[in-house]
>>> print(open('start_8.csv').read())   # CSV, C-alpha atoms
chain,number,residue,atom,x,y,z
S,1282,MET,CA,-44.7,88.9,-4.2
S,1283,SER,CA,-44.4,85.3,-5.5
S,1284,PHE,CA,-45.6,82.1,-3.8
S,1285,TYR,CA,-42.0,81.1,-3.3
S,1286,SER,CA,-41.2,84.4,-1.5
S,1287,CYS,CA,-44.2,83.9,0.7
S,1288,PHE,CA,-43.1,80.3,1.5
S,1289,ILE,CA,-39.6,81.5,2.3
S,1290,VAL,CA,-40.9,84.1,4.7
S,1291,MET,CA,-43.2,81.6,6.4
S,1292,ALA,CA,-40.4,79.1,6.8
S,1293,GLY,CA,-38.2,81.7,8.4
S,1294,GLY,CA,-41.0,82.8,10.6
S,1295,ALA,CA,-41.5,79.2,11.8
S,1296,LEU,CA,-37.8,78.9,12.8
S,1297,GLY,CA,-37.9,82.3,14.4
S,1298,THR,CA,-41.0,81.5,16.4
S,1299,PHE,CA,-39.4,78.2,17.6
S,1300,ALA,CA,-36.2,80.1,18.6
S,1301,ARG,CA,-38.3,82.7,20.5
S,1302,TYR,CA,-40.0,79.9,22.4
S,1303,ALA,CA,-36.7,78.3,23.3
S,1304,VAL,CA,-35.1,81.5,24.5
S,1305,SER,CA,-38.2,82.4,26.5
S,1306,PHE,CA,-38.2,79.0,28.1
S,1307,ILE,CA,-34.5,79.2,29.0
S,1308,ALA,CA,-34.9,82.7,30.4
S,1309,LEU,CA,-37.8,81.8,32.7
S,1310,PRO,CA,-35.6,81.4,35.8
S,1311,ILE,CA,-34.4,85.0,35.6
S,1312,SER,CA,-37.7,86.5,34.5
S,1313,GLY,CA,-39.3,87.0,37.9
S,1314,ARG,CA,-39.9,90.7,38.1
S,1315,LEU,CA,-39.1,91.8,34.6
S,1316,PRO,CA,-39.7,89.9,31.3
S,1317,TRP,CA,-36.1,89.2,30.6
S,1318,GLY,CA,-36.8,86.6,28.0
S,1319,THR,CA,-38.5,89.2,25.9
S,1320,ILE,CA,-35.8,91.8,26.5
S,1321,ILE,CA,-33.1,89.3,25.5
S,1322,ILE,CA,-35.0,88.3,22.4
S,1323,ASN,CA,-35.5,91.8,21.3
S,1324,ILE,CA,-31.8,92.7,21.8
S,1325,THR,CA,-30.5,89.6,20.0
S,1326,GLY,CA,-33.0,89.9,17.2
S,1327,SER,CA,-32.0,93.6,16.8
S,1328,LEU,CA,-28.4,92.6,16.7
S,1329,ILE,CA,-29.0,89.9,14.1
S,1330,ILE,CA,-31.1,92.1,11.8
S,1331,GLY,CA,-28.5,94.9,12.1
S,1332,LEU,CA,-25.6,92.6,11.3
S,1333,PHE,CA,-27.3,90.5,8.6
S,1334,SER,CA,-28.9,93.4,6.8
S,1335,THR,CA,-25.6,95.2,6.3
S,1336,LEU,CA,-23.4,92.2,5.5
S,1337,THR,CA,-25.7,90.8,2.9
S,1338,LEU,CA,-26.4,93.9,0.8
S,1339,ALA,CA,-25.5,93.7,-2.9
S,1340,SER,CA,-22.5,95.9,-2.0
S,1341,GLY,CA,-21.7,93.9,1.3
S,1342,ARG,CA,-19.1,91.4,2.1
S,1343,PHE,CA,-21.5,88.5,1.8
S,1344,PRO,CA,-24.2,89.5,-0.7
S,1345,MET,CA,-27.3,87.3,-0.7
S,1346,SER,CA,-30.4,86.9,-2.8
S,1347,ASP,CA,-33.5,88.9,-2.0
S,1348,ASN,CA,-35.2,85.6,-1.0
S,1349,MET,CA,-32.5,84.8,1.6
S,1350,ARG,CA,-32.7,88.3,2.9
S,1351,LEU,CA,-36.5,88.0,3.2
S,1352,PHE,CA,-36.1,84.6,4.9
S,1353,VAL,CA,-33.8,86.0,7.6
S,1354,MET,CA,-35.0,89.6,8.0
S,1355,ILE,CA,-38.7,89.3,7.7
S,1356,GLY,CA,-39.3,85.6,8.4
S,1357,LEU,CA,-36.7,84.6,11.0
S,1358,CYS,CA,-36.3,88.0,12.8
S,1359,GLY,CA,-40.1,88.7,12.4
S,1360,GLY,CA,-41.0,85.4,14.1
S,1361,TYR,CA,-38.3,85.7,16.7
S,1362,THR,CA,-38.6,89.3,17.9
S,1363,THR,CA,-41.5,90.0,20.2
S,1364,PHE,CA,-42.5,93.7,20.2
S,1365,SER,CA,-46.1,92.7,20.6
S,1366,SER,CA,-45.3,90.7,23.7
S,1367,PHE,CA,-43.2,93.6,25.0
S,1368,SER,CA,-46.2,95.9,24.6
S,1369,LEU,CA,-48.6,93.5,26.3
S,1370,GLN,CA,-46.1,92.9,29.2
S,1371,THR,CA,-45.6,96.6,29.7
S,1372,LEU,CA,-49.3,97.2,29.8
S,1373,ASP,CA,-49.7,94.4,32.3
S,1374,LEU,CA,-47.0,96.0,34.5
S,1375,LEU,CA,-48.7,99.4,34.2
S,1376,ARG,CA,-52.1,97.9,35.0
S,1377,SER,CA,-50.7,96.2,38.1
S,1378,GLY,CA,-49.3,99.5,39.4
S,1379,ALA,CA,-45.6,98.6,38.6
S,1380,VAL,CA,-44.9,101.9,36.9
S,1381,VAL,CA,-41.2,101.9,37.7
S,1382,ARG,CA,-40.7,98.3,36.4
S,1383,ALA,CA,-42.8,99.2,33.3
S,1384,SER,CA,-40.5,102.2,32.7
S,1385,ILE,CA,-37.4,100.1,33.1
S,1386,ASN,CA,-38.8,97.6,30.6
S,1387,VAL,CA,-39.5,100.3,28.1
S,1388,VAL,CA,-36.2,102.1,28.4
S,1389,ALA,CA,-34.1,98.8,28.6
S,1390,SER,CA,-35.9,97.3,25.6
S,1391,VAL,CA,-35.8,100.4,23.4
S,1392,VAL,CA,-32.3,101.7,24.2
S,1393,LEU,CA,-30.6,98.3,24.2
S,1394,CYS,CA,-32.4,97.1,21.0
S,1395,ILE,CA,-31.4,100.3,19.1
S,1396,GLY,CA,-27.9,99.9,20.5
S,1397,ALA,CA,-27.9,96.2,19.3
S,1398,VAL,CA,-29.0,97.2,15.8
S,1399,ALA,CA,-26.2,99.9,15.7
S,1400,VAL,CA,-23.6,97.4,17.0
S,1401,GLY,CA,-24.6,94.8,14.4
S,1402,HIS,CA,-24.6,97.4,11.6
S,1403,LEU,CA,-21.1,98.7,12.7
S,1404,ILE,CA,-19.6,95.2,12.9
S,1405,ALA,CA,-21.0,94.4,9.5
S,1406,MET,CA,-19.7,97.8,8.1
S,1407,ARG,CA,-16.2,96.8,9.4
S,1408,ILE,CA,-16.4,93.4,7.7
S,1409,ASN,CA,-17.7,95.1,4.5
S,1410,GLY,CA,-14.8,97.5,4.5
S,1411,GLU,CA,-17.0,100.4,5.6
S,1412,VAL,CA,-19.5,99.9,2.8
S,1413,GLY,CA,-23.2,99.4,3.2
S,1414,ASP,CA,-26.6,100.7,4.2
S,1415,ALA,CA,-28.9,98.7,6.5
S,1416,ALA,CA,-31.6,98.1,3.9
S,1417,GLN,CA,-31.6,98.0,0.2
S,1418,ALA,CA,-35.4,97.5,-0.4
S,1419,VAL,CA,-38.3,99.3,1.1
S,1420,ILE,CA,-39.9,96.1,2.3
S,1421,GLU,CA,-36.8,95.3,4.4
S,1422,GLU,CA,-37.3,98.5,6.4
S,1423,GLN,CA,-40.7,97.1,7.4
S,1424,ALA,CA,-39.1,94.0,8.9
>>> encode(input="start_8.csv", output="structure tokens")
Amino acid sequence: MSFYSCFIVMAGGALGTFARYAVSFIALPISGRLPWGTIIINITGSLIIGLFSTLTLASGRFPMSDNMRLFVMIGLCGGYTTFSSFSLQTLDLLRSGAVVRASINVVASVVLCIGAVAVGHLIAMRINGEVGDAAQAVIEEQA
């Protein structure tokens, strides 16, 4: 882990955090009974990481440096996606007695985000000519 790699991850995280704030703000009008901003962020973040991770492998259509992959996958997506917010909002729904809404939040977030990662990966596989894993380094799996 070099200083440059840390800086790259921090820069991506700053951009991802800003993007998260912007999407959350835009989604406020539709987020009355469920945290739709968080759900949208988790779905789009999952799609982005699934697509980018596969397209940019060394064997992918658009191979990129390890630092660029760290910037997007750990920095940008890490700052953008909001699993901790999802967890807190789900707990708040449960604590307020909204068990059905909490369950919808969990199922929608988990199923749609896994589906988004799969769709992103499949699109990238097509672009790559059916070649590619989702991660090429252990640290990328932690993103």
>>> atom_distance(input="start_8.csv", atom1="atom CA of Met1406 of chain S", atom2="atom CA of Pro1344 of chain S")
12.9 Å
>>> closest_residue(input="start_8.csv", among="S:Gly1326, S:Gly1293, S:Pro1310, S:Pro1316", to="Met1349 of chain S", atoms="only C-alpha atoms")
S:Gly1293
>>> atom_distance(input="start_8.csv", atom1="atom CA of Met1291 of chain S", atom2="atom CA of Ala1339 of chain S")
23.4 Å
>>> residues_around(input="start_8.csv", residues="Ile1324 of chain S", least_positions_apart="6", cutoff="10 Å", atoms="only C-alpha atoms", output="PyMOL selection string")
chain S and resi 1362+1389-1398
>>> closest_atom_pairs(input="start_8.csv", of="segment 1363-1414 of chain S", to="segment 1330-1333 of chain S", cutoff="6 Å", atoms="all atoms listed in the file", output="tab-separated table")
residue	atom	partner	partner_atom	distance
S:Val1398	CA	S:Gly1331	CA	4.4
S:Gly1401	CA	S:Leu1332	CA	3.9
S:His1402	CA	S:Gly1331	CA	4.7
S:Ala1405	CA	S:Leu1332	CA	5.3
>>> closest_residue(input="start_8.csv", among="S:Val1387, S:Val1381, S:Leu1372, S:Leu1357", to="Ala1295 of chain S", atoms="all atoms listed in the file")
S:Leu1357
>>> residues_around(input="start_8.csv", residues="Gly1341 of chain S", least_positions_apart="4", cutoff="10 Å", atoms="all atoms listed in the file", output="PDB file with C-alpha atoms, keeping the file's coordinate frame")
ATOM      1  CA  PHE S1333     -27.300  90.500   8.600  1.00  0.00           C
ATOM      2  CA  SER S1334     -28.900  93.400   6.800  1.00  0.00           C
ATOM      3  CA  THR S1335     -25.600  95.200   6.300  1.00  0.00           C
ATOM      4  CA  LEU S1336     -23.400  92.200   5.500  1.00  0.00           C
ATOM      5  CA  THR S1337     -25.700  90.800   2.900  1.00  0.00           C
ATOM      6  CA  MET S1345     -27.300  87.300  -0.700  1.00  0.00           C
ATOM      7  CA  ALA S1405     -21.000  94.400   9.500  1.00  0.00           C
ATOM      8  CA  MET S1406     -19.700  97.800   8.100  1.00  0.00           C
ATOM      9  CA  ILE S1408     -16.400  93.400   7.700  1.00  0.00           C
ATOM     10  CA  ASN S1409     -17.700  95.100   4.500  1.00  0.00           C
ATOM     11  CA  GLY S1410     -14.800  97.500   4.500  1.00  0.00           C
ATOM     12  CA  GLU S1411     -17.000 100.400   5.600  1.00  0.00           C
ATOM     13  CA  VAL S1412     -19.500  99.900   2.800  1.00  0.00           C
ATOM     14  CA  GLY S1413     -23.200  99.400   3.200  1.00  0.00           C
ATOM     15  CA  ASP S1414     -26.600 100.700   4.200  1.00  0.00           C
TER      16      ASP S1414
END
>>> atom_distance(input="start_8.csv", atom1="atom CA of Cys1358 of chain S", atom2="atom CA of Thr1325 of chain S")
9.4 Å
>>> residues_near_point(input="start_8.csv", point="(-40.7, 85.3, 28.0)", cutoff="9 Å", atoms="all atoms listed in the file", output="ChimeraX atom specification")
/S:1301-1302,1304-1309,1312,1316-1322,1366
